[in-house]
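Next up, my_file08.cif (mmCIF, C-alpha atoms):
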```cif
data_run
#
loop_
_atom_site.group_PDB
_atom_site.id
_atom_site.type_symbol
_atom_site.label_atom_id
_atom_site.label_comp_id
_atom_site.auth_asym_id
_atom_site.auth_seq_id
_atom_site.Cartn_x
_atom_site.Cartn_y
_atom_site.Cartn_z
ATOM 1 C CA MET W 1 -130.887 125.061 -75.276
ATOM 2 C CA TYR W 2 -130.814 126.312 -78.856
ATOM 3 C CA LYS W 3 -128.619 125.248 -81.737
ATOM 4 C CA LYS W 4 -126.446 128.002 -83.058
ATOM 5 C CA LYS W 5 -127.242 129.257 -86.535
ATOM 6 C CA LYS W 6 -124.273 130.376 -88.577
ATOM 7 C CA ILE W 7 -125.341 133.103 -90.949
ATOM 8 C CA LEU W 8 -123.644 135.953 -92.780
ATOM 9 C CA LEU W 9 -124.436 139.346 -91.277
ATOM 10 C CA PHE W 10 -125.901 140.720 -94.524
ATOM 11 C CA ASP W 11 -128.181 137.691 -94.849
ATOM 12 C CA LEU W 12 -129.277 138.090 -91.234
ATOM 13 C CA LEU W 13 -130.118 141.755 -91.703
ATOM 14 C CA ASN W 14 -132.025 141.028 -94.900
ATOM 15 C CA LYS W 15 -134.017 138.194 -93.340
ATOM 16 C CA CYS W 16 -134.947 140.437 -90.429
ATOM 17 C CA LYS W 17 -135.802 143.306 -92.808
ATOM 18 C CA ILE W 18 -133.329 145.663 -91.172
ATOM 19 C CA ARG W 19 -131.950 148.596 -93.133
ATOM 20 C CA TYR W 20 -128.179 148.928 -93.091
ATOM 21 C CA ASP W 21 -125.280 150.744 -94.714
ATOM 22 C CA LYS W 22 -122.986 148.328 -96.548
ATOM 23 C CA LYS W 23 -120.162 150.869 -96.430
ATOM 24 C CA SER W 24 -119.941 150.686 -92.641
ATOM 25 C CA THR W 25 -120.748 146.999 -92.151
ATOM 26 C CA LYS W 26 -118.481 144.008 -92.728
ATOM 27 C CA ASN W 27 -120.100 140.767 -93.788
ATOM 28 C CA LEU W 28 -119.087 138.651 -90.803
ATOM 29 C CA ILE W 29 -120.416 135.278 -89.678
ATOM 30 C CA ILE W 30 -122.949 135.620 -86.848
ATOM 31 C CA GLU W 31 -123.839 132.659 -84.629
ATOM 32 C CA SER W 32 -126.173 134.219 -82.066
ATOM 33 C CA ALA W 33 -127.573 137.387 -80.518
ATOM 34 C CA GLU W 34 -126.522 137.928 -76.907
ATOM 35 C CA SER W 35 -126.004 140.489 -74.164
ATOM 36 C CA ILE W 36 -123.253 143.010 -74.727
ATOM 37 C CA SER W 37 -121.639 141.640 -71.545
ATOM 38 C CA SER W 38 -121.406 138.107 -72.974
ATOM 39 C CA SER W 39 -118.004 136.442 -73.144
ATOM 40 C CA ASN W 40 -118.779 134.586 -76.358
ATOM 41 C CA THR W 41 -117.597 135.660 -79.805
ATOM 42 C CA ASN W 42 -119.233 135.658 -83.237
ATOM 43 C CA PHE W 43 -122.396 137.211 -81.842
ATOM 44 C CA ILE W 44 -124.263 140.459 -82.391
ATOM 45 C CA ALA W 45 -125.147 142.702 -79.433
ATOM 46 C CA VAL W 46 -127.071 145.939 -78.959
ATOM 47 C CA PHE W 47 -125.780 149.133 -77.312
ATOM 48 C CA HIS W 48 -128.603 151.563 -76.561
ATOM 49 C CA SER W 49 -127.684 153.407 -73.368
ATOM 50 C CA LEU W 50 -124.586 154.976 -71.825
ATOM 51 C CA LYS W 51 -125.349 153.002 -68.665
ATOM 52 C CA TYR W 52 -123.733 150.058 -70.455
ATOM 53 C CA LEU W 53 -120.657 151.936 -71.690
ATOM 54 C CA ASP W 54 -118.279 149.850 -69.575
ATOM 55 C CA PHE W 55 -119.643 146.687 -71.174
ATOM 56 C CA LEU W 56 -119.259 148.221 -74.635
ATOM 57 C CA LYS W 57 -115.569 148.900 -74.014
ATOM 58 C CA LYS W 58 -114.965 145.249 -73.088
ATOM 59 C CA THR W 59 -117.470 143.459 -75.316
ATOM 60 C CA LYS W 60 -116.350 140.497 -77.401
ATOM 61 C CA ALA W 61 -119.265 140.889 -79.795
ATOM 62 C CA CYS W 62 -118.053 140.874 -83.378
ATOM 63 C CA THR W 63 -120.836 143.310 -84.316
ATOM 64 C CA VAL W 64 -122.699 145.959 -82.330
ATOM 65 C CA LEU W 65 -126.112 147.363 -83.227
ATOM 66 C CA LEU W 66 -126.478 151.030 -82.229
ATOM 67 C CA ASN W 67 -127.764 154.409 -83.359
ATOM 68 C CA ASN W 68 -125.716 157.238 -84.815
ATOM 69 C CA ASN W 69 -125.705 159.241 -81.547
ATOM 70 C CA LEU W 70 -123.821 156.457 -79.737
ATOM 71 C CA LEU W 71 -121.404 155.633 -82.543
ATOM 72 C CA LYS W 72 -118.658 157.860 -81.105
ATOM 73 C CA TYR W 73 -118.389 155.574 -78.062
ATOM 74 C CA LEU W 74 -117.698 152.442 -80.087
ATOM 75 C CA PRO W 75 -114.155 151.009 -79.721
ATOM 76 C CA LYS W 76 -111.999 151.412 -82.796
ATOM 77 C CA LYS W 77 -112.094 148.615 -85.370
ATOM 78 C CA LYS W 78 -115.289 147.190 -83.838
ATOM 79 C CA ASN W 79 -117.810 146.310 -86.546
ATOM 80 C CA TYR W 80 -121.209 147.939 -86.204
ATOM 81 C CA VAL W 81 -124.661 148.249 -87.749
ATOM 82 C CA LEU W 82 -126.354 151.635 -87.558
ATOM 83 C CA SER W 83 -130.037 151.552 -86.681
ATOM 84 C CA GLU W 84 -132.696 154.186 -86.071
ATOM 85 C CA ASN W 85 -134.365 151.829 -83.568
ATOM 86 C CA PRO W 86 -131.662 149.509 -82.178
ATOM 87 C CA LEU W 87 -133.904 147.781 -79.611
ATOM 88 C CA ILE W 88 -136.595 146.997 -82.166
ATOM 89 C CA ASP W 89 -134.084 145.699 -84.693
ATOM 90 C CA PHE W 90 -132.353 143.645 -82.012
ATOM 91 C CA ALA W 91 -135.707 142.115 -81.045
ATOM 92 C CA LYS W 92 -136.125 141.013 -84.668
ATOM 93 C CA ILE W 93 -132.680 139.417 -84.608
ATOM 94 C CA LEU W 94 -133.458 137.644 -81.320
ATOM 95 C CA ASN W 95 -136.644 136.286 -82.865
ATOM 96 C CA PHE W 96 -134.590 134.901 -85.741
ATOM 97 C CA PHE W 97 -132.136 133.046 -83.495
ATOM 98 C CA TYR W 98 -134.647 132.057 -80.801
ATOM 99 C CA PRO W 99 -138.020 131.683 -82.564
ATOM 100 C CA ASN W 100 -139.604 129.578 -79.795
ATOM 101 C CA SER W 101 -138.492 131.507 -76.739
ATOM 102 C CA TYR W 102 -141.318 133.993 -76.255
ATOM 103 C CA TYR W 103 -143.986 131.556 -75.136
ATOM 104 C CA SER W 104 -143.309 128.556 -72.913
ATOM 105 C CA LYS W 105 -144.331 125.218 -74.366
ATOM 106 C CA ILE W 106 -145.266 121.821 -73.023
ATOM 107 C CA ASP W 107 -142.555 119.283 -73.770
ATOM 108 C CA TYR W 108 -144.891 116.242 -73.642
ATOM 109 C CA LYS W 109 -141.908 114.159 -72.508
ATOM 110 C CA LYS W 110 -142.799 114.280 -68.843
ATOM 111 C CA LEU W 111 -141.708 111.512 -66.514
ATOM 112 C CA LEU W 112 -144.223 109.107 -65.062
ATOM 113 C CA GLU W 113 -144.467 108.846 -61.279
ATOM 114 C CA THR W 114 -142.680 105.490 -61.310
ATOM 115 C CA GLU W 115 -139.882 106.983 -63.423
ATOM 116 C CA ILE W 116 -139.525 109.939 -61.035
ATOM 117 C CA LYS W 117 -139.226 107.637 -58.009
ATOM 118 C CA LYS W 118 -136.633 105.503 -59.789
ATOM 119 C CA LYS W 119 -134.522 108.411 -61.089
ATOM 120 C CA TYR W 120 -134.756 110.708 -58.044
ATOM 121 C CA LYS W 121 -134.497 108.450 -55.011
ATOM 122 C CA TYR W 122 -133.838 111.204 -52.466
ATOM 123 C CA ILE W 123 -136.820 113.493 -53.034
ATOM 124 C CA LYS W 124 -140.397 113.579 -51.770
ATOM 125 C CA PHE W 125 -143.258 114.963 -53.842
ATOM 126 C CA GLY W 126 -147.020 115.369 -53.677
ATOM 127 C CA ILE W 127 -149.760 114.648 -56.192
ATOM 128 C CA ASN W 128 -149.845 115.898 -59.804
ATOM 129 C CA PHE W 129 -146.103 116.491 -60.065
ATOM 130 C CA TYR W 130 -145.326 117.462 -63.678
ATOM 131 C CA LEU W 131 -141.617 116.903 -64.364
ATOM 132 C CA GLU W 132 -140.053 117.099 -67.810
ATOM 133 C CA ASN W 133 -136.883 115.373 -68.945
ATOM 134 C CA ASP W 134 -133.431 116.917 -68.535
ATOM 135 C CA VAL W 135 -133.974 118.243 -64.995
ATOM 136 C CA LYS W 136 -131.319 117.872 -62.288
ATOM 137 C CA ILE W 137 -132.596 117.526 -58.724
ATOM 138 C CA GLY W 138 -130.356 117.144 -55.664
ATOM 139 C CA ARG W 139 -130.868 115.287 -52.390
ATOM 140 C CA ASN W 140 -133.360 115.912 -49.620
ATOM 141 C CA VAL W 141 -135.748 117.929 -51.809
ATOM 142 C CA PHE W 142 -139.419 118.306 -50.853
ATOM 143 C CA ILE W 143 -141.932 119.175 -53.599
ATOM 144 C CA GLY W 144 -145.603 119.956 -52.871
ATOM 145 C CA ASN W 145 -148.766 119.256 -54.846
ATOM 146 C CA ASN W 146 -149.431 120.415 -58.428
ATOM 147 C CA VAL W 147 -145.848 121.498 -59.075
ATOM 148 C CA THR W 148 -144.407 121.943 -62.587
ATOM 149 C CA ILE W 149 -140.669 121.846 -63.280
ATOM 150 C CA LYS W 150 -139.703 122.253 -66.940
ATOM 151 C CA LYS W 151 -136.724 120.862 -68.816
ATOM 152 C CA GLY W 152 -133.264 122.329 -68.292
ATOM 153 C CA CYS W 153 -133.868 123.365 -64.685
ATOM 154 C CA VAL W 154 -131.433 122.587 -61.871
ATOM 155 C CA ILE W 155 -132.674 122.095 -58.293
ATOM 156 C CA GLY W 156 -130.019 121.879 -55.576
ATOM 157 C CA ASN W 157 -129.906 120.018 -52.271
ATOM 158 C CA ASN W 158 -132.243 120.650 -49.314
ATOM 159 C CA VAL W 159 -134.691 122.678 -51.411
ATOM 160 C CA ILE W 160 -138.344 123.034 -50.338
ATOM 161 C CA ILE W 161 -140.880 123.829 -53.061
ATOM 162 C CA GLY W 162 -144.473 124.535 -52.007
ATOM 163 C CA SER W 163 -147.643 123.587 -53.845
ATOM 164 C CA ASN W 164 -148.806 125.060 -57.174
ATOM 165 C CA VAL W 165 -145.320 126.315 -58.042
ATOM 166 C CA ILE W 166 -144.091 126.601 -61.643
ATOM 167 C CA ILE W 167 -140.349 126.605 -62.333
ATOM 168 C CA GLU W 168 -138.685 126.846 -65.734
ATOM 169 C CA ASN W 169 -135.468 128.272 -67.177
ATOM 170 C CA SER W 170 -134.052 128.357 -63.648
ATOM 171 C CA ILE W 171 -131.172 127.274 -61.447
ATOM 172 C CA ILE W 172 -132.233 126.878 -57.819
ATOM 173 C CA CYS W 173 -129.233 126.435 -55.523
ATOM 174 C CA ASP W 174 -128.991 124.604 -52.183
ATOM 175 C CA ASP W 175 -131.168 125.405 -49.152
ATOM 176 C CA VAL W 176 -133.709 127.522 -51.046
ATOM 177 C CA HIS W 177 -137.350 127.659 -49.929
ATOM 178 C CA ILE W 178 -140.036 128.582 -52.486
ATOM 179 C CA CYS W 179 -143.532 129.021 -51.059
ATOM 180 C CA ASP W 180 -146.910 128.201 -52.628
ATOM 181 C CA ASN W 181 -148.206 129.607 -55.935
ATOM 182 C CA SER W 182 -144.977 131.285 -57.035
ATOM 183 C CA VAL W 183 -143.885 131.362 -60.678
ATOM 184 C CA ILE W 184 -140.159 131.314 -61.414
ATOM 185 C CA GLY W 185 -138.546 131.681 -64.827
ATOM 186 C CA LYS W 186 -141.381 132.679 -67.131
ATOM 187 C CA LYS W 187 -140.831 135.360 -69.764
ATOM 188 C CA GLY W 188 -140.763 138.992 -68.732
ATOM 189 C CA PHE W 189 -142.798 141.959 -69.950
ATOM 190 C CA GLY W 190 -140.968 142.923 -73.131
ATOM 191 C CA PHE W 191 -142.180 144.400 -76.407
ATOM 192 C CA LYS W 192 -141.728 147.374 -78.715
ATOM 193 C CA PHE W 193 -144.048 148.974 -81.249
ATOM 194 C CA GLU W 194 -143.035 149.655 -84.831
ATOM 195 C CA ASN W 195 -145.596 151.226 -87.162
ATOM 196 C CA ASN W 196 -148.425 150.126 -84.839
ATOM 197 C CA THR W 197 -147.142 146.549 -84.931
ATOM 198 C CA CYS W 198 -146.049 144.868 -81.713
ATOM 199 C CA VAL W 199 -142.542 143.388 -81.874
ATOM 200 C CA ARG W 200 -142.276 140.920 -78.997
ATOM 201 C CA ILE W 201 -138.870 140.621 -77.355
ATOM 202 C CA PRO W 202 -137.813 136.990 -76.804
ATOM 203 C CA HIS W 203 -136.440 136.009 -73.415
ATOM 204 C CA ILE W 204 -133.419 133.715 -73.504
ATOM 205 C CA GLY W 205 -131.926 134.229 -70.025
ATOM 206 C CA LYS W 206 -132.418 132.271 -66.820
ATOM 207 C CA VAL W 207 -133.341 132.864 -63.201
ATOM 208 C CA ILE W 208 -130.554 132.018 -60.747
ATOM 209 C CA ILE W 209 -131.572 131.832 -57.088
ATOM 210 C CA ASN W 210 -128.495 131.395 -54.953
ATOM 211 C CA LYS W 211 -127.987 129.442 -51.734
ATOM 212 C CA GLY W 212 -130.161 130.082 -48.723
ATOM 213 C CA CYS W 213 -132.792 132.308 -50.348
ATOM 214 C CA GLU W 214 -136.471 132.263 -49.463
ATOM 215 C CA ILE W 215 -139.238 133.180 -51.902
ATOM 216 C CA GLY W 216 -142.676 133.890 -50.443
ATOM 217 C CA SER W 217 -146.083 132.880 -51.758
ATOM 218 C CA ASN W 218 -147.538 134.298 -54.976
ATOM 219 C CA CYS W 219 -144.248 135.799 -56.155
ATOM 220 C CA VAL W 220 -143.196 136.138 -59.793
ATOM 221 C CA ILE W 221 -139.546 136.201 -60.843
ATOM 222 C CA ASP W 222 -139.082 136.667 -64.601
ATOM 223 C CA ARG W 223 -136.318 135.031 -66.583
ATOM 224 C CA GLY W 224 -133.781 137.365 -68.130
ATOM 225 C CA SER W 225 -134.334 138.730 -71.599
ATOM 226 C CA ILE W 226 -130.730 138.443 -72.832
ATOM 227 C CA SER W 227 -128.919 138.185 -69.486
ATOM 228 C CA ASN W 228 -129.926 136.396 -66.267
ATOM 229 C CA THR W 229 -132.138 137.436 -63.378
ATOM 230 C CA ILE W 230 -130.108 136.744 -60.212
ATOM 231 C CA LEU W 231 -130.834 136.658 -56.476
ATOM 232 C CA GLY W 232 -127.795 136.642 -54.185
ATOM 233 C CA GLU W 233 -127.260 134.280 -51.260
ATOM 234 C CA ASN W 234 -129.560 134.496 -48.235
ATOM 235 C CA THR W 235 -131.897 137.046 -49.784
ATOM 236 C CA PHE W 236 -135.466 136.878 -48.452
ATOM 237 C CA VAL W 237 -138.473 137.807 -50.559
ATOM 238 C CA ASP W 238 -141.885 138.266 -48.941
ATOM 239 C CA ASN W 239 -145.255 137.341 -50.485
ATOM 240 C CA LEU W 240 -146.643 139.021 -53.607
ATOM 241 C CA VAL W 241 -143.355 140.391 -54.939
ATOM 242 C CA GLN W 242 -142.630 140.978 -58.639
ATOM 243 C CA ILE W 243 -139.014 140.831 -59.870
ATOM 244 C CA ALA W 244 -138.689 141.633 -63.564
ATOM 245 C CA HIS W 245 -136.250 140.414 -66.201
ATOM 246 C CA ASN W 246 -132.486 140.985 -65.839
ATOM 247 C CA VAL W 247 -132.795 142.245 -62.259
ATOM 248 C CA VAL W 248 -129.751 141.447 -60.106
ATOM 249 C CA ILE W 249 -130.198 141.451 -56.320
ATOM 250 C CA GLY W 250 -127.234 141.090 -53.965
ATOM 251 C CA LYS W 251 -126.706 139.035 -50.822
ATOM 252 C CA LYS W 252 -128.722 139.254 -47.590
ATOM 253 C CA CYS W 253 -131.411 141.544 -48.979
ATOM 254 C CA ILE W 254 -134.967 141.744 -47.622
ATOM 255 C CA LEU W 255 -137.921 142.588 -49.865
ATOM 256 C CA ALA W 256 -141.222 143.104 -48.034
ATOM 257 C CA SER W 257 -144.626 142.264 -49.457
ATOM 258 C CA GLN W 258 -145.839 143.806 -52.728
ATOM 259 C CA VAL W 259 -142.482 145.219 -53.785
ATOM 260 C CA GLY W 260 -142.107 145.633 -57.545
ATOM 261 C CA ILE W 261 -138.744 145.903 -59.295
ATOM 262 C CA ALA W 262 -138.659 146.820 -62.981
ATOM 263 C CA GLY W 263 -136.276 145.277 -65.490
ATOM 264 C CA SER W 264 -132.470 145.487 -65.518
ATOM 265 C CA THR W 265 -132.137 147.167 -62.123
ATOM 266 C CA HIS W 266 -129.117 146.154 -60.007
ATOM 267 C CA ILE W 267 -129.447 146.079 -56.227
ATOM 268 C CA GLY W 268 -126.462 145.750 -53.892
ATOM 269 C CA ASN W 269 -125.946 143.695 -50.728
ATOM 270 C CA ASN W 270 -127.793 144.116 -47.417
ATOM 271 C CA VAL W 271 -130.593 146.188 -48.938
ATOM 272 C CA ILE W 272 -133.974 146.424 -47.186
ATOM 273 C CA ILE W 273 -137.028 147.403 -49.248
ATOM 274 C CA GLY W 274 -140.290 148.204 -47.446
ATOM 275 C CA GLY W 275 -143.710 146.957 -48.479
ATOM 276 C CA GLN W 276 -145.355 148.260 -51.665
ATOM 277 C CA ALA W 277 -142.223 150.098 -52.786
ATOM 278 C CA GLY W 278 -141.679 150.372 -56.527
ATOM 279 C CA ILE W 279 -138.292 150.607 -58.238
ATOM 280 C CA SER W 280 -137.948 151.777 -61.835
ATOM 281 C CA GLY W 281 -135.904 149.924 -64.426
ATOM 282 C CA HIS W 282 -132.208 150.226 -65.330
ATOM 283 C CA LEU W 283 -131.261 151.698 -61.943
ATOM 284 C CA THR W 284 -128.376 150.955 -59.588
ATOM 285 C CA ILE W 285 -129.144 150.670 -55.881
ATOM 286 C CA GLY W 286 -126.023 150.563 -53.695
ATOM 287 C CA ASN W 287 -125.099 148.413 -50.706
ATOM 288 C CA ASN W 288 -126.745 148.794 -47.276
ATOM 289 C CA VAL W 289 -129.575 150.929 -48.647
ATOM 290 C CA LYS W 290 -132.938 151.142 -46.872
ATOM 291 C CA ILE W 291 -136.034 152.057 -48.882
ATOM 292 C CA GLY W 292 -139.194 152.962 -46.973
ATOM 293 C CA GLY W 293 -142.554 151.350 -47.654
ATOM 294 C CA LYS W 294 -144.679 152.753 -50.513
ATOM 295 C CA SER W 295 -141.680 154.639 -51.908
ATOM 296 C CA GLY W 296 -141.186 155.192 -55.622
ATOM 297 C CA VAL W 297 -137.530 154.962 -56.655
ATOM 298 C CA THR W 298 -136.789 156.681 -59.963
ATOM 299 C CA ASN W 299 -133.048 157.405 -59.646
ATOM 300 C CA ASP W 300 -129.877 155.573 -58.636
ATOM 301 C CA ILE W 301 -129.139 155.390 -54.898
ATOM 302 C CA GLU W 302 -125.634 155.451 -53.433
ATOM 303 C CA ASP W 303 -124.377 153.090 -50.719
ATOM 304 C CA ASN W 304 -125.663 153.408 -47.140
ATOM 305 C CA LYS W 305 -128.554 155.760 -47.960
ATOM 306 C CA VAL W 306 -131.992 155.714 -46.320
ATOM 307 C CA VAL W 307 -134.759 156.968 -48.636
ATOM 308 C CA MET W 308 -138.514 157.311 -48.630
ATOM 309 C CA GLY W 309 -141.384 158.924 -50.531
ATOM 310 C CA TYR W 310 -142.228 159.534 -54.159
ATOM 311 C CA PRO W 311 -139.951 160.281 -55.791
ATOM 312 C CA ALA W 312 -137.735 158.687 -53.154
ATOM 313 C CA LYS W 313 -135.458 161.130 -51.346
ATOM 314 C CA SER W 314 -133.302 161.055 -48.224
ATOM 315 C CA PHE W 315 -135.274 160.182 -45.121
ATOM 316 C CA ARG W 316 -134.325 163.494 -43.506
ATOM 317 C CA ASP W 317 -135.669 165.496 -46.475
ATOM 318 C CA PHE W 318 -138.791 163.341 -46.502
ATOM 319 C CA LEU W 319 -139.515 164.240 -42.856
ATOM 320 C CA LYS W 320 -138.901 167.959 -43.503
ATOM 321 C CA ASN W 321 -141.313 167.987 -46.434
ATOM 322 C CA SER W 322 -143.884 166.048 -44.434
ATOM 323 C CA LYS W 323 -143.951 168.812 -41.819
#
```

Full structure transcribed into structure tokens:
Amino acid sequence: MYKKKKILLFDLLNKCKIRYDKKSTKNLIIESAESISSSNTNFIAVFHSLKYLDFLKKTKACTVLLNNNLLKYLPKKKNYVLSENPLIDFAKILNFFYPNSYYSKIDYKKLLETEIKKKYKYIKFGINFYLENDVKIGRNVFIGNNVTIKKGCVIGNNVIIGSNVIIENSIICDDVHICDNSVIGKKGFGFKFENNTCVRIPHIGKVIINKGCEIGSNCVIDRGSISNTILGENTFVDNLVQIAHNVVIGKKCILASQVGIAGSTHIGNNVIIGGQAGISGHLTIGNNVKIGGKSGVTNDIEDNKVVMGYPAKSFRDFLKNSK
């Protein structure tokens, strides 16, 4: 989507007004800023939490941005930039490489209705269908009224999209059903404050909804910030659900109405989440977990657990405390 910018590391840091120590930093060529789990090279990544230590050990990033407390975990011979506020400085670098990624924009190169019918012969669509160029749509796709699909999206076969749906920065696989008024692939809720100034964090990831999923009405699924937001096969999402950036949900999960999942949380397979439950960010929820309605999950949950309450605890302990 974006052209790579080749720039020397020192020039990049200077342009972004980031302080650095020349003694500990090699002047390498940087082409992009990406997730520490990326398989590309010649990019700069950020390491800010021990939760991502496994990714740090395997990262192909030529340079890692981190603070002094985490420096001891850096693999030997890996170039680094020390920062007092790694996330803020990384947001500045993202803004340099992806200056237009925070707000979505109208392309103005939409297809006319006659062009849509000629190019996509195996779809049906309602009135006021806004379709930009560079969209792939499969066979036997039904699209309702007042739908917007932005450039770069991929829509698989046998997909049903309800009315008033907005889709951008997304890959929708086969046999997916998206109900009315849902918004897929918009930016997430990301910003940091530095000296009372808001530093907005660009979002450059996608939403990937795998085969057989169903998304209810009035749901919002945010695109990833630097990695992708992913829903596994045959996962069902009820109405009024919010899924934040970088969330990964496994296969055959069920999310009841008004569930909210904060950013970068990973959820395993066969997980059931009751209505109005809230899950904090950067957590790991295991396989076959059941979370009771109105629960507040603030810690990781191991496989096969049943939890309820706030903060969520084992169902047995919840019943004891209730008595």

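Every protein, DNA or RNA residue with an atom at most 6 Å from range 157-162 of chain W, where only C-alpha atoms count and chain neighbours fewer than 3 positions away do not, is listed here: Gly138, Arg139, Asn140, Val141, Phe142, Ile143, Gly144, Asp174, Asp175, Val176, His177, Ile178, Cys179 and Asp180 of chain W.
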
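Those residues that approach range 9-21 of chain W to within 8 Å, counting all atoms listed in the file, are Thr25, Lys26, Asn27, Leu28, Ile29, Ile30, Val81, Leu82, Ser83, Asp89, Lys92, Ile93 and Phe96 of chain W; same-chain residues fewer than 4 positions away are not listed.
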
re CA of Thr235 in chain W and CA of Gly278 in chain W: distance 17.9 Å

On this structure, which residues satisfy the PyMOL selection byres ((chain W and resi 289) around 10), written as a PDB file with C-alpha atoms, in the frame of the given file?
```pdb
ATOM      1  CA  CYS W 253    -131.411 141.544 -48.979  1.00  0.00           C
ATOM      2  CA  ILE W 267    -129.447 146.079 -56.227  1.00  0.00           C
ATOM      3  CA  GLY W 268    -126.462 145.750 -53.892  1.00  0.00           C
ATOM      4  CA  ASN W 269    -125.946 143.695 -50.728  1.00  0.00           C
ATOM      5  CA  ASN W 270    -127.793 144.116 -47.417  1.00  0.00           C
ATOM      6  CA  VAL W 271    -130.593 146.188 -48.938  1.00  0.00           C
ATOM      7  CA  ILE W 272    -133.974 146.424 -47.186  1.00  0.00           C
ATOM      8  CA  ILE W 273    -137.028 147.403 -49.248  1.00  0.00           C
ATOM      9  CA  ILE W 285    -129.144 150.670 -55.881  1.00  0.00           C
ATOM     10  CA  GLY W 286    -126.023 150.563 -53.695  1.00  0.00           C
ATOM     11  CA  ASN W 287    -125.099 148.413 -50.706  1.00  0.00           C
ATOM     12  CA  ASN W 288    -126.745 148.794 -47.276  1.00  0.00           C
ATOM     13  CA  LYS W 290    -132.938 151.142 -46.872  1.00  0.00           C
ATOM     14  CA  ILE W 291    -136.034 152.057 -48.882  1.00  0.00           C
ATOM     15  CA  GLY W 292    -139.194 152.962 -46.973  1.00  0.00           C
ATOM     16  CA  ILE W 301    -129.139 155.390 -54.898  1.00  0.00           C
ATOM     17  CA  GLU W 302    -125.634 155.451 -53.433  1.00  0.00           C
ATOM     18  CA  ASP W 303    -124.377 153.090 -50.719  1.00  0.00           C
ATOM     19  CA  ASN W 304    -125.663 153.408 -47.140  1.00  0.00           C
ATOM     20  CA  LYS W 305    -128.554 155.760 -47.960  1.00  0.00           C
ATOM     21  CA  VAL W 306    -131.992 155.714 -46.320  1.00  0.00           C
ATOM     22  CA  VAL W 307    -134.759 156.968 -48.636  1.00  0.00           C
TER      23      VAL W 307
END
```

Pairwise distance, CA of Lys211 in chain W with CA of Asn133 in chain W, equals 23.9 Å

Which neighbours of Pro75 in chain W fall inside 9 Å, counting all atoms listed in the file, when residues of the same chain fewer than 2 positions from it are skipped, and could you give them as a list of chain:residue names?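 Once the nearby chain positions are removed, what remains is W:Leu56, W:Lys57, W:Lys58, W:Lys72, W:Tyr73, W:Lys77, W:Lys78.
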
Around range 285-293 of chain W, with edges along x, y and z and 6 Å added on all six sides, what centre and edge lengths do you get, in Å to one decimal, as JSON?
```
{"center_x": -133.8, "center_y": 150.7, "center_z": -51.4, "size_x": 29.5, "size_y": 16.5, "size_z": 21.0}
```

**Request:** List, as an NGL selection string, every residue that the PyMOL selection byres ((chain W and resi 187) around 7) selects in the file provided.
**Result:** :W and (102 or 185-186 or 188-189 or 203 or 222-223)

Running the PyMOL selection byres ((chain W and resi 65) around 6) on this model by hand, what would come out? Give it as a PyMOL selection string.
chain W and resi 46+64+66+80-81

I need the residue nearest Ile201 in chain W from this list: W:Gln258, W:Asn146, W:Asn100, W:Asn181. Use all atoms listed in the file for the distance.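 Using all atoms listed in the file, Ile201 in chain W sits closest to W:Asn100.
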